Each structure stands twice: as C-alpha cells, then as structure tokens.
$ cat target18.cif   # mmCIF, N, CA and C atoms
data_data
loop_
_atom_site.group_PDB
_atom_site.id
_atom_site.type_symbol
_atom_site.label_atom_id
_atom_site.label_comp_id
_atom_site.auth_asym_id
_atom_site.auth_seq_id
_atom_site.Cartn_x
_atom_site.Cartn_y
_atom_site.Cartn_z
ATOM 1 N N ALA A 1 1.177 262.030 -79.503
ATOM 2 C CA ALA A 1 0.431 260.856 -79.951
ATOM 3 C C ALA A 1 -0.867 260.755 -79.158
ATOM 4 N N PRO A 2 -1.928 260.360 -79.814
ATOM 5 C CA PRO A 2 -3.203 260.222 -79.102
ATOM 6 C C PRO A 2 -3.142 259.079 -78.084
ATOM 7 N N GLN A 3 -3.873 259.266 -76.989
ATOM 8 C CA GLN A 3 -3.931 258.236 -75.954
ATOM 9 C C GLN A 3 -4.868 257.117 -76.398
ATOM 10 N N PRO A 4 -4.518 255.861 -76.123
ATOM 11 C CA PRO A 4 -5.409 254.765 -76.481
ATOM 12 C C PRO A 4 -6.701 254.840 -75.675
ATOM 13 N N ARG A 5 -7.797 254.424 -76.264
ATOM 14 C CA ARG A 5 -9.089 254.434 -75.575
ATOM 15 C C ARG A 5 -9.190 253.309 -74.554
ATOM 16 N N ASP A 6 -8.604 252.182 -74.852
ATOM 17 C CA ASP A 6 -8.674 251.020 -73.971
ATOM 18 C C ASP A 6 -7.621 251.166 -72.869
ATOM 19 N N PRO A 7 -8.019 251.035 -71.599
ATOM 20 C CA PRO A 7 -7.030 251.185 -70.528
ATOM 21 C C PRO A 7 -6.061 250.013 -70.431
ATOM 22 N N TYR A 8 -6.313 248.931 -71.153
ATOM 23 C CA TYR A 8 -5.459 247.751 -71.076
ATOM 24 C C TYR A 8 -4.655 247.603 -72.357
ATOM 25 N N VAL A 9 -3.536 248.271 -72.382
ATOM 26 C CA VAL A 9 -2.689 248.261 -73.557
ATOM 27 C C VAL A 9 -1.408 247.520 -73.204
ATOM 28 N N GLY A 10 -0.945 246.719 -74.126
ATOM 29 C CA GLY A 10 0.327 246.049 -73.920
ATOM 30 C C GLY A 10 0.170 244.600 -73.498
ATOM 31 N N LEU A 11 1.256 244.066 -73.041
ATOM 32 C CA LEU A 11 1.340 242.653 -72.668
ATOM 33 C C LEU A 11 0.493 242.357 -71.445
ATOM 34 N N TYR A 12 -0.335 241.324 -71.541
ATOM 35 C CA TYR A 12 -1.139 240.909 -70.391
ATOM 36 C C TYR A 12 -0.503 239.735 -69.665
ATOM 37 N N HIS A 13 -0.083 238.722 -70.403
ATOM 38 C CA HIS A 13 0.415 237.512 -69.746
ATOM 39 C C HIS A 13 1.456 236.848 -70.631
ATOM 40 N N LEU A 14 2.528 236.437 -70.002
ATOM 41 C CA LEU A 14 3.604 235.737 -70.683
ATOM 42 C C LEU A 14 3.997 234.570 -69.799
ATOM 43 N N ALA A 15 4.081 233.374 -70.363
ATOM 44 C CA ALA A 15 4.407 232.200 -69.547
ATOM 45 C C ALA A 15 5.357 231.283 -70.293
ATOM 46 N N TRP A 16 6.194 230.617 -69.519
ATOM 47 C CA TRP A 16 7.073 229.580 -70.034
ATOM 48 C C TRP A 16 6.743 228.290 -69.313
ATOM 49 N N GLU A 17 6.878 227.200 -70.026
ATOM 50 C CA GLU A 17 6.633 225.885 -69.446
ATOM 51 C C GLU A 17 7.960 225.146 -69.304
ATOM 52 N N VAL A 18 8.132 224.469 -68.168
ATOM 53 C CA VAL A 18 9.286 223.606 -67.978
ATOM 54 C C VAL A 18 8.812 222.157 -67.990
ATOM 55 N N GLY A 19 9.731 221.240 -68.242
ATOM 56 C CA GLY A 19 9.376 219.833 -68.354
ATOM 57 C C GLY A 19 9.321 219.077 -67.047
ATOM 58 N N THR A 20 10.088 219.543 -66.043
ATOM 59 C CA THR A 20 10.124 218.826 -64.765
ATOM 60 C C THR A 20 9.977 219.791 -63.591
ATOM 61 N N LEU A 21 9.551 219.239 -62.475
ATOM 62 C CA LEU A 21 9.456 220.051 -61.254
ATOM 63 C C LEU A 21 10.842 220.436 -60.738
ATOM 64 N N ALA A 22 11.850 219.620 -61.015
ATOM 65 C CA ALA A 22 13.215 219.987 -60.621
ATOM 66 C C ALA A 22 13.646 221.262 -61.334
ATOM 67 N N GLU A 23 13.273 221.392 -62.602
ATOM 68 C CA GLU A 23 13.566 222.628 -63.338
ATOM 69 C C GLU A 23 12.833 223.802 -62.710
ATOM 70 N N LEU A 24 11.575 223.585 -62.329
ATOM 71 C CA LEU A 24 10.808 224.651 -61.699
ATOM 72 C C LEU A 24 11.456 225.081 -60.388
ATOM 73 N N ALA A 25 11.945 224.116 -59.608
ATOM 74 C CA ALA A 25 12.620 224.429 -58.343
ATOM 75 C C ALA A 25 13.899 225.234 -58.586
ATOM 76 N N GLU A 26 14.649 224.883 -59.608
ATOM 77 C CA GLU A 26 15.877 225.616 -59.927
ATOM 78 C C GLU A 26 15.544 227.048 -60.368
ATOM 79 N N ILE A 27 14.516 227.203 -61.160
ATOM 80 C CA ILE A 27 14.101 228.543 -61.592
ATOM 81 C C ILE A 27 13.618 229.348 -60.393
ATOM 82 N N ARG A 28 12.894 228.704 -59.476
ATOM 83 C CA ARG A 28 12.458 229.407 -58.261
ATOM 84 C C ARG A 28 13.672 229.927 -57.499
ATOM 85 N N ARG A 29 14.701 229.100 -57.360
ATOM 86 C CA ARG A 29 15.913 229.521 -56.643
ATOM 87 C C ARG A 29 16.562 230.721 -57.337
ATOM 88 N N ARG A 30 16.686 230.639 -58.644
ATOM 89 C CA ARG A 30 17.333 231.730 -59.391
ATOM 90 C C ARG A 30 16.535 233.026 -59.315
ATOM 91 N N LEU A 31 15.220 232.918 -59.458
ATOM 92 C CA LEU A 31 14.383 234.117 -59.370
ATOM 93 C C LEU A 31 14.428 234.721 -57.973
ATOM 94 N N ASP A 32 14.382 233.862 -56.968
ATOM 95 C CA ASP A 32 14.438 234.332 -55.588
ATOM 96 C C ASP A 32 15.773 235.007 -55.292
ATOM 97 N N ASP A 33 16.867 234.417 -55.781
ATOM 98 C CA ASP A 33 18.207 235.009 -55.590
ATOM 99 C C ASP A 33 18.288 236.412 -56.171
ATOM 100 N N ARG A 34 17.536 236.678 -57.215
ATOM 101 C CA ARG A 34 17.560 237.985 -57.882
ATOM 102 C C ARG A 34 16.474 238.931 -57.375
ATOM 103 N N GLY A 35 15.691 238.462 -56.395
ATOM 104 C CA GLY A 35 14.619 239.296 -55.860
ATOM 105 C C GLY A 35 13.470 239.492 -56.832
ATOM 106 N N ALA A 36 13.334 238.585 -57.803
ATOM 107 C CA ALA A 36 12.316 238.744 -58.843
ATOM 108 C C ALA A 36 11.058 237.922 -58.575
ATOM 109 N N LEU A 37 11.127 236.944 -57.692
ATOM 110 C CA LEU A 37 9.986 236.075 -57.426
ATOM 111 C C LEU A 37 8.920 236.843 -56.661
ATOM 112 N N VAL A 38 7.687 236.815 -57.176
ATOM 113 C CA VAL A 38 6.606 237.549 -56.510
ATOM 114 C C VAL A 38 5.457 236.652 -56.063
ATOM 115 N N GLY A 39 5.467 235.368 -56.449
ATOM 116 C CA GLY A 39 4.391 234.487 -56.022
ATOM 117 C C GLY A 39 4.539 233.089 -56.569
ATOM 118 N N ALA A 40 3.708 232.190 -56.043
ATOM 119 C CA ALA A 40 3.682 230.799 -56.491
ATOM 120 C C ALA A 40 2.289 230.252 -56.207
ATOM 121 N N SER A 41 1.736 229.528 -57.171
ATOM 122 C CA SER A 41 0.382 228.997 -57.013
ATOM 123 C C SER A 41 0.273 227.581 -57.541
ATOM 124 N N ASP A 42 -0.622 226.836 -56.902
ATOM 125 C CA ASP A 42 -0.999 225.511 -57.359
ATOM 126 C C ASP A 42 -2.351 225.672 -58.040
ATOM 127 N N HIS A 43 -2.383 225.471 -59.344
ATOM 128 C CA HIS A 43 -3.623 225.587 -60.116
ATOM 129 C C HIS A 43 -4.183 224.205 -60.449
ATOM 130 N N ARG A 44 -3.855 223.235 -59.638
ATOM 131 C CA ARG A 44 -4.263 221.840 -59.790
ATOM 132 C C ARG A 44 -3.652 221.185 -61.015
ATOM 133 N N VAL A 45 -3.913 221.679 -62.210
ATOM 134 C CA VAL A 45 -3.340 221.052 -63.396
ATOM 135 C C VAL A 45 -2.012 221.687 -63.805
ATOM 136 N N SER A 46 -1.621 222.727 -63.089
ATOM 137 C CA SER A 46 -0.311 223.327 -63.317
ATOM 138 C C SER A 46 0.219 223.883 -61.999
ATOM 139 N N LYS A 47 1.531 223.921 -61.898
ATOM 140 C CA LYS A 47 2.226 224.453 -60.727
ATOM 141 C C LYS A 47 3.018 225.649 -61.231
ATOM 142 N N SER A 48 2.737 226.834 -60.665
ATOM 143 C CA SER A 48 3.230 228.068 -61.274
ATOM 144 C C SER A 48 4.019 228.955 -60.329
ATOM 145 N N LEU A 49 5.052 229.565 -60.887
ATOM 146 C CA LEU A 49 5.814 230.622 -60.222
ATOM 147 C C LEU A 49 5.513 231.921 -60.962
ATOM 148 N N TYR A 50 5.519 233.021 -60.229
ATOM 149 C CA TYR A 50 5.310 234.336 -60.825
ATOM 150 C C TYR A 50 6.471 235.232 -60.438
ATOM 151 N N ALA A 51 6.952 235.993 -61.416
ATOM 152 C CA ALA A 51 8.095 236.876 -61.181
ATOM 153 C C ALA A 51 7.937 238.122 -62.026
ATOM 154 N N LYS A 52 8.795 239.089 -61.751
ATOM 155 C CA LYS A 52 8.809 240.323 -62.539
ATOM 156 C C LYS A 52 10.181 240.497 -63.154
ATOM 157 N N ASP A 53 10.169 240.931 -64.422
ATOM 158 C CA ASP A 53 11.431 241.221 -65.090
ATOM 159 C C ASP A 53 11.933 242.592 -64.626
ATOM 160 N N PRO A 54 13.128 242.989 -65.021
ATOM 161 C CA PRO A 54 13.666 244.281 -64.559
ATOM 162 C C PRO A 54 12.796 245.485 -64.905
ATOM 163 N N SER A 55 11.928 245.367 -65.900
ATOM 164 C CA SER A 55 11.029 246.460 -66.270
ATOM 165 C C SER A 55 9.720 246.425 -65.500
ATOM 166 N N GLY A 56 9.538 245.394 -64.671
ATOM 167 C CA GLY A 56 8.318 245.278 -63.888
ATOM 168 C C GLY A 56 7.215 244.465 -64.545
ATOM 169 N N ILE A 57 7.509 243.850 -65.700
ATOM 170 C CA ILE A 57 6.517 243.021 -66.369
ATOM 171 C C ILE A 57 6.469 241.663 -65.686
ATOM 172 N N GLU A 58 5.252 241.284 -65.265
ATOM 173 C CA GLU A 58 5.107 240.001 -64.575
ATOM 174 C C GLU A 58 5.007 238.867 -65.584
ATOM 175 N N PHE A 59 5.624 237.743 -65.225
ATOM 176 C CA PHE A 59 5.568 236.559 -66.081
ATOM 177 C C PHE A 59 5.428 235.317 -65.213
ATOM 178 N N GLU A 60 5.096 234.223 -65.871
ATOM 179 C CA GLU A 60 4.844 232.949 -65.199
ATOM 180 C C GLU A 60 5.783 231.881 -65.754
ATOM 181 N N VAL A 61 6.225 230.997 -64.874
ATOM 182 C CA VAL A 61 6.940 229.786 -65.275
ATOM 183 C C VAL A 61 6.164 228.646 -64.640
ATOM 184 N N MET A 62 5.775 227.647 -65.464
ATOM 185 C CA MET A 62 4.887 226.613 -64.944
ATOM 186 C C MET A 62 5.279 225.212 -65.395
ATOM 187 N N TRP A 63 4.796 224.234 -64.606
ATOM 188 C CA TRP A 63 4.916 222.815 -64.934
ATOM 189 C C TRP A 63 3.510 222.247 -65.014
ATOM 190 N N ARG A 64 3.233 221.460 -66.044
ATOM 191 C CA ARG A 64 1.905 220.869 -66.239
ATOM 192 C C ARG A 64 1.824 219.483 -65.622
ATOM 193 N N VAL A 65 0.761 219.237 -64.888
ATOM 194 C CA VAL A 65 0.451 217.903 -64.398
ATOM 195 C C VAL A 65 0.189 217.034 -65.625
ATOM 196 N N PRO A 66 0.573 215.748 -65.581
ATOM 197 C CA PRO A 66 0.281 214.879 -66.732
ATOM 198 C C PRO A 66 -1.209 214.931 -67.087
ATOM 199 N N ALA A 67 -1.506 215.056 -68.373
ATOM 200 C CA ALA A 67 -2.877 215.242 -68.843
ATOM 201 C C ALA A 67 -3.815 214.144 -68.357
ATOM 202 N N GLU A 68 -3.322 212.926 -68.232
ATOM 203 C CA GLU A 68 -4.186 211.833 -67.796
ATOM 204 C C GLU A 68 -4.637 211.987 -66.344
ATOM 205 N N ASP A 69 -4.023 212.877 -65.601
ATOM 206 C CA ASP A 69 -4.375 213.105 -64.194
ATOM 207 C C ASP A 69 -5.211 214.363 -63.978
ATOM 208 N N TRP A 70 -5.521 215.107 -65.031
ATOM 209 C CA TRP A 70 -6.234 216.379 -64.889
ATOM 210 C C TRP A 70 -7.599 216.221 -64.234
ATOM 211 N N GLU A 71 -8.382 215.244 -64.658
ATOM 212 C CA GLU A 71 -9.739 215.098 -64.111
ATOM 213 C C GLU A 71 -9.694 214.890 -62.597
ATOM 214 N N GLN A 72 -8.810 214.028 -62.151
ATOM 215 C CA GLN A 72 -8.676 213.792 -60.710
ATOM 216 C C GLN A 72 -8.189 215.048 -59.995
ATOM 217 N N GLU A 73 -7.247 215.735 -60.576
ATOM 218 C CA GLU A 73 -6.702 216.946 -59.963
ATOM 219 C C GLU A 73 -7.760 218.038 -59.834
ATOM 220 N N MET A 74 -8.623 218.145 -60.817
ATOM 221 C CA MET A 74 -9.652 219.182 -60.802
ATOM 222 C C MET A 74 -10.640 218.983 -59.656
ATOM 223 N N GLN A 75 -10.694 217.789 -59.097
ATOM 224 C CA GLN A 75 -11.625 217.486 -58.012
ATOM 225 C C GLN A 75 -10.944 217.504 -56.644
ATOM 226 N N SER A 76 -9.672 217.895 -56.598
ATOM 227 C CA SER A 76 -8.919 217.742 -55.356
ATOM 228 C C SER A 76 -8.791 218.998 -54.506
ATOM 229 N N GLY A 77 -9.594 220.022 -54.769
ATOM 230 C CA GLY A 77 -9.540 221.212 -53.930
ATOM 231 C C GLY A 77 -9.730 222.493 -54.714
ATOM 232 N N GLU A 78 -9.412 223.584 -54.045
ATOM 233 C CA GLU A 78 -9.534 224.909 -54.656
ATOM 234 C C GLU A 78 -8.701 224.985 -55.935
ATOM 235 N N MET A 79 -9.198 225.741 -56.913
ATOM 236 C CA MET A 79 -8.480 225.872 -58.181
ATOM 237 C C MET A 79 -7.209 226.713 -58.066
ATOM 238 N N ILE A 80 -7.145 227.550 -57.057
ATOM 239 C CA ILE A 80 -5.902 228.290 -56.813
ATOM 240 C C ILE A 80 -5.560 228.127 -55.343
ATOM 241 N N ALA A 81 -4.400 227.539 -55.098
ATOM 242 C CA ALA A 81 -3.957 227.283 -53.735
ATOM 243 C C ALA A 81 -2.466 227.610 -53.641
ATOM 244 N N PRO A 82 -1.957 227.755 -52.421
ATOM 245 C CA PRO A 82 -0.512 227.961 -52.274
ATOM 246 C C PRO A 82 0.252 226.768 -52.850
ATOM 247 N N LEU A 83 1.383 227.033 -53.445
ATOM 248 C CA LEU A 83 2.207 225.978 -54.037
ATOM 249 C C LEU A 83 3.168 225.411 -53.000
ATOM 250 N N ASP A 84 3.090 224.108 -52.784
ATOM 251 C CA ASP A 84 4.052 223.358 -51.963
ATOM 252 C C ASP A 84 4.943 222.610 -52.944
ATOM 253 N N LEU A 85 5.960 223.286 -53.449
ATOM 254 C CA LEU A 85 6.789 222.718 -54.507
ATOM 255 C C LEU A 85 7.506 221.456 -54.044
ATOM 256 N N GLU A 86 8.007 221.451 -52.825
ATOM 257 C CA GLU A 86 8.688 220.253 -52.319
ATOM 258 C C GLU A 86 7.713 219.077 -52.231
ATOM 259 N N GLY A 87 6.485 219.350 -51.797
ATOM 260 C CA GLY A 87 5.464 218.311 -51.743
ATOM 261 C C GLY A 87 5.122 217.785 -53.125
ATOM 262 N N GLU A 88 5.059 218.673 -54.098
ATOM 263 C CA GLU A 88 4.761 218.255 -55.469
ATOM 264 C C GLU A 88 5.903 217.426 -56.052
ATOM 265 N N ILE A 89 7.138 217.799 -55.732
ATOM 266 C CA ILE A 89 8.286 217.010 -56.191
ATOM 267 C C ILE A 89 8.228 215.617 -55.562
ATOM 268 N N ALA A 90 7.886 215.534 -54.281
ATOM 269 C CA ALA A 90 7.763 214.233 -53.624
ATOM 270 C C ALA A 90 6.662 213.400 -54.285
ATOM 271 N N ARG A 91 5.599 214.051 -54.693
ATOM 272 C CA ARG A 91 4.464 213.345 -55.304
ATOM 273 C C ARG A 91 4.744 212.913 -56.741
ATOM 274 N N TRP A 92 5.237 213.833 -57.562
ATOM 275 C CA TRP A 92 5.368 213.575 -58.991
ATOM 276 C C TRP A 92 6.765 213.145 -59.412
ATOM 277 N N GLY A 93 7.758 213.354 -58.559
ATOM 278 C CA GLY A 93 9.119 212.960 -58.905
ATOM 279 C C GLY A 93 9.672 213.738 -60.076
ATOM 280 N N ASP A 94 10.365 213.029 -60.968
ATOM 281 C CA ASP A 94 11.032 213.688 -62.088
ATOM 282 C C ASP A 94 10.303 213.462 -63.409
ATOM 283 N N ARG A 95 8.980 213.326 -63.332
ATOM 284 C CA ARG A 95 8.197 213.115 -64.550
ATOM 285 C C ARG A 95 8.336 214.300 -65.493
ATOM 286 N N ILE A 96 8.539 213.980 -66.735
ATOM 287 C CA ILE A 96 8.620 214.994 -67.782
ATOM 288 C C ILE A 96 7.235 215.102 -68.404
ATOM 289 N N THR A 97 6.707 216.321 -68.463
ATOM 290 C CA THR A 97 5.351 216.517 -68.965
ATOM 291 C C THR A 97 5.294 217.646 -69.975
ATOM 292 N N GLY A 98 4.081 217.873 -70.479
ATOM 293 C CA GLY A 98 3.838 219.004 -71.358
ATOM 294 C C GLY A 98 4.608 218.939 -72.658
ATOM 295 N N ALA A 99 4.965 220.084 -73.172
ATOM 296 C CA ALA A 99 5.651 220.171 -74.459
ATOM 297 C C ALA A 99 6.975 219.414 -74.420
ATOM 298 N N ALA A 100 7.639 219.388 -73.276
ATOM 299 C CA ALA A 100 8.910 218.674 -73.154
ATOM 300 C C ALA A 100 8.729 217.178 -73.375
ATOM 301 N N ALA A 101 7.520 216.671 -73.100
ATOM 302 C CA ALA A 101 7.210 215.253 -73.303
ATOM 303 C C ALA A 101 6.504 215.019 -74.633
ATOM 304 N N GLY A 102 6.372 216.069 -75.441
ATOM 305 C CA GLY A 102 5.732 215.937 -76.734
ATOM 306 C C GLY A 102 4.229 216.120 -76.716
ATOM 307 N N SER A 103 3.681 216.619 -75.595
ATOM 308 C CA SER A 103 2.237 216.799 -75.492
ATOM 309 C C SER A 103 1.844 218.197 -75.929
ATOM 310 N N VAL A 104 0.716 218.285 -76.615
ATOM 311 C CA VAL A 104 0.160 219.584 -76.968
ATOM 312 C C VAL A 104 -1.103 219.843 -76.178
ATOM 313 N N THR A 105 -1.494 218.917 -75.322
ATOM 314 C CA THR A 105 -2.700 219.053 -74.496
ATOM 315 C C THR A 105 -2.462 220.034 -73.384
#
$ encode --input "target18.cif" --output "structure tokens"
Amino acid sequence: APQPRDPYVGLYHLAWEVGTLAELAEIRRRLDDRGALVGASDHRVSKSLYAKDPSGIEFEVMWRVPAEDWEQEMQSGEMIAPLDLEGEIARWGDRITGAAAGSVT
C-alpha cells in the first residue's frame, strides 16, 4: 500500500466529559491504578486528565467549569497550569456541569 503523504494520519484527540469533579477524581484513581495516567492540567475553563489506552493512544477526560464563570476564569492565570484536583473539588464542590447539566456551551 502506498504511504500517506501527510505525516499526521489517524486519531489526533479523543476526549470524554464528566459531570462532576468527584467523577473526575474517581477516573483519576482508576487510571492511576492501571498505570495509564500520563498527566493532568488546569485549562481554566476545564480540568483535564490525560491517559493512554493499551494501544498507546492518548485520550482526555475533562470537567467543564460552569459557563457563567468562564470569563472570570480566563483572567485568573496561565491557560495551562498543573491541576490541583482536590483544590478544585473544595472550590466547586459537587456541581454538575457541561453536557451532564444539559449545556451545549
């Protein structure tokens, strides 16, 4: 078969959204237990975990900050920072956001 001309073939990014930070914490525990967790980032408007599947494909699991707080969050620091998940849980509690709350924003 001929080789593709573009060096970027295949899946680039795959992400799942959870409704609560408690769900994100549970997923972090499960991924870590399996040795699959490779990173975590605070993107201000989202809190993200990064992991690899058994084939080595990296994926993201994230929680969205409530849309009404995005403007304030965008002004609160670097756009990519280390994730303090426990701190975020203390701040946001068990708020349900994103698609789980019926938002498409």
$ atom_distance --input "target18.cif" --atom1 "CA of Ile27 in chain A" --atom2 "atom N of Glu71 in chain A"
26.3 Å
$ residues_around --input "target18.cif" --residues "range 96-103 of chain A" --least-positions-apart "5" --cutoff "6 Å" --atoms "all atoms listed in the file" --output "number ranges by chain"
A: 19-20, 64, 66
$ closest_residue --input "target18.cif" --among "A:Phe59, A:Asp94, A:Asp42, A:Pro54" --to "Met79 in chain A" --atoms "only C-alpha atoms"
A:Asp42
$ closest_residue --input "target18.cif" --among "A:Leu31, A:Leu85, A:Leu11, A:Ala90" --to "Lys47 in chain A" --atoms "all atoms listed in the file"
A:Leu85
$ atom_distance --input "target18.cif" --atom1 "CA of Met62 in chain A" --atom2 "CA of Ser48 in chain A"
4.3 Å
$ closest_residue --input "target18.cif" --among "A:Glu58, A:Asp69, A:Asp84, A:Glu26" --to "Val45 in chain A" --atoms "all atoms listed in the file"
A:Asp69
$ resolve_selection --input "target18.cif" --expression "the PyMOL selection byres ((chain A and resi 81) around 6.5)" --output "ChimeraX atom specification"
/A:40-44,78-80,82-83
$ atom_distance --input "target18.cif" --atom1 "atom N of Arg91 in chain A" --atom2 "atom N of Leu14 in chain A"
27.3 Å
$ select_by_dssp --input "target18.cif" --residues "chain A" --states "alpha helix (DSSP H)" --output "PyMOL selection string"
chain A and resi 21-33+70-74+85-92
$ write_last_selection --input "target18.cif" --atoms "N, CA and C atoms" --output "short mmCIF file (atom, residue, chain, number, x, y, z; two decimals), in the frame of the given file"
data_model
loop_
_atom_site.label_atom_id
_atom_site.label_comp_id
_atom_site.auth_asym_id
_atom_site.auth_seq_id
_atom_site.Cartn_x
_atom_site.Cartn_y
_atom_site.Cartn_z
N LEU A 21 9.55 219.24 -62.48
CA LEU A 21 9.46 220.05 -61.25
C LEU A 21 10.84 220.44 -60.74
N ALA A 22 11.85 219.62 -61.02
CA ALA A 22 13.22 219.99 -60.62
C ALA A 22 13.65 221.26 -61.33
N GLU A 23 13.27 221.39 -62.60
CA GLU A 23 13.57 222.63 -63.34
C GLU A 23 12.83 223.80 -62.71
N LEU A 24 11.58 223.58 -62.33
CA LEU A 24 10.81 224.65 -61.70
C LEU A 24 11.46 225.08 -60.39
N ALA A 25 11.94 224.12 -59.61
CA ALA A 25 12.62 224.43 -58.34
C ALA A 25 13.90 225.23 -58.59
N GLU A 26 14.65 224.88 -59.61
CA GLU A 26 15.88 225.62 -59.93
C GLU A 26 15.54 227.05 -60.37
N ILE A 27 14.52 227.20 -61.16
CA ILE A 27 14.10 228.54 -61.59
C ILE A 27 13.62 229.35 -60.39
N ARG A 28 12.89 228.70 -59.48
CA ARG A 28 12.46 229.41 -58.26
C ARG A 28 13.67 229.93 -57.50
N ARG A 29 14.70 229.10 -57.36
CA ARG A 29 15.91 229.52 -56.64
C ARG A 29 16.56 230.72 -57.34
N ARG A 30 16.69 230.64 -58.64
CA ARG A 30 17.33 231.73 -59.39
C ARG A 30 16.54 233.03 -59.32
N LEU A 31 15.22 232.92 -59.46
CA LEU A 31 14.38 234.12 -59.37
C LEU A 31 14.43 234.72 -57.97
N ASP A 32 14.38 233.86 -56.97
CA ASP A 32 14.44 234.33 -55.59
C ASP A 32 15.77 235.01 -55.29
N ASP A 33 16.87 234.42 -55.78
CA ASP A 33 18.21 235.01 -55.59
C ASP A 33 18.29 236.41 -56.17
N TRP A 70 -5.52 215.11 -65.03
CA TRP A 70 -6.23 216.38 -64.89
C TRP A 70 -7.60 216.22 -64.23
N GLU A 71 -8.38 215.24 -64.66
CA GLU A 71 -9.74 215.10 -64.11
C GLU A 71 -9.69 214.89 -62.60
N GLN A 72 -8.81 214.03 -62.15
CA GLN A 72 -8.68 213.79 -60.71
C GLN A 72 -8.19 215.05 -60.00
N GLU A 73 -7.25 215.74 -60.58
CA GLU A 73 -6.70 216.95 -59.96
C GLU A 73 -7.76 218.04 -59.83
N MET A 74 -8.62 218.14 -60.82
CA MET A 74 -9.65 219.18 -60.80
C MET A 74 -10.64 218.98 -59.66
N LEU A 85 5.96 223.29 -53.45
CA LEU A 85 6.79 222.72 -54.51
C LEU A 85 7.51 221.46 -54.04
N GLU A 86 8.01 221.45 -52.82
CA GLU A 86 8.69 220.25 -52.32
C GLU A 86 7.71 219.08 -52.23
N GLY A 87 6.48 219.35 -51.80
CA GLY A 87 5.46 218.31 -51.74
C GLY A 87 5.12 217.78 -53.12
N GLU A 88 5.06 218.67 -54.10
CA GLU A 88 4.76 218.26 -55.47
C GLU A 88 5.90 217.43 -56.05
N ILE A 89 7.14 217.80 -55.73
CA ILE A 89 8.29 217.01 -56.19
C ILE A 89 8.23 215.62 -55.56
N ALA A 90 7.89 215.53 -54.28
CA ALA A 90 7.76 214.23 -53.62
C ALA A 90 6.66 213.40 -54.28
N ARG A 91 5.60 214.05 -54.69
CA ARG A 91 4.46 213.34 -55.30
C ARG A 91 4.74 212.91 -56.74
N TRP A 92 5.24 213.83 -57.56
CA TRP A 92 5.37 213.58 -58.99
C TRP A 92 6.76 213.14 -59.41
#
$ closest_residue --input "target18.cif" --among "A:Asp53, A:Glu60, A:Glu73, A:Glu86" --to "Trp16 in chain A" --atoms "only N, CA and C atoms"
A:Glu60
$ select_by_dssp --input "target18.cif" --residues "chain A" --states "strand (DSSP E or B)" --output "list in words"
Ala15, Trp16, Glu17, Val18, Leu37, Val38, Gly39, Ala40, Ser41, Asp42, Ser46, Lys47, Ser48, Leu49, Tyr50, Ala51, Lys52, Glu58, Phe59, Glu60, Val61, Met62, Trp63, Arg64, Ala81 and Pro82 of chain A
$ axis_aligned_box --input "target18.cif" --around "range 55-72 of chain A" --padding-each-side "5 Å" --output "AutoDock Vina command-line options"
--center_x 1.1 --center_y 229.1 --center_z -64.4 --size_x 31.7 --size_y 44.6 --size_z 18.8
$ residues_around --input "target18.cif" --residues "Val18 in chain A" --least-positions-apart "4" --cutoff "7 Å" --atoms "only C-alpha atoms" --output "JSON, numbers by chain"
{"A": [23, 24, 62, 63]}
$ residues_around --input "target18.cif" --residues "Val38 in chain A" --least-positions-apart "2" --cutoff "9 Å" --atoms "only C-alpha atoms" --output "number ranges by chain"
A: 31-32, 35-36, 40, 49-52, 58
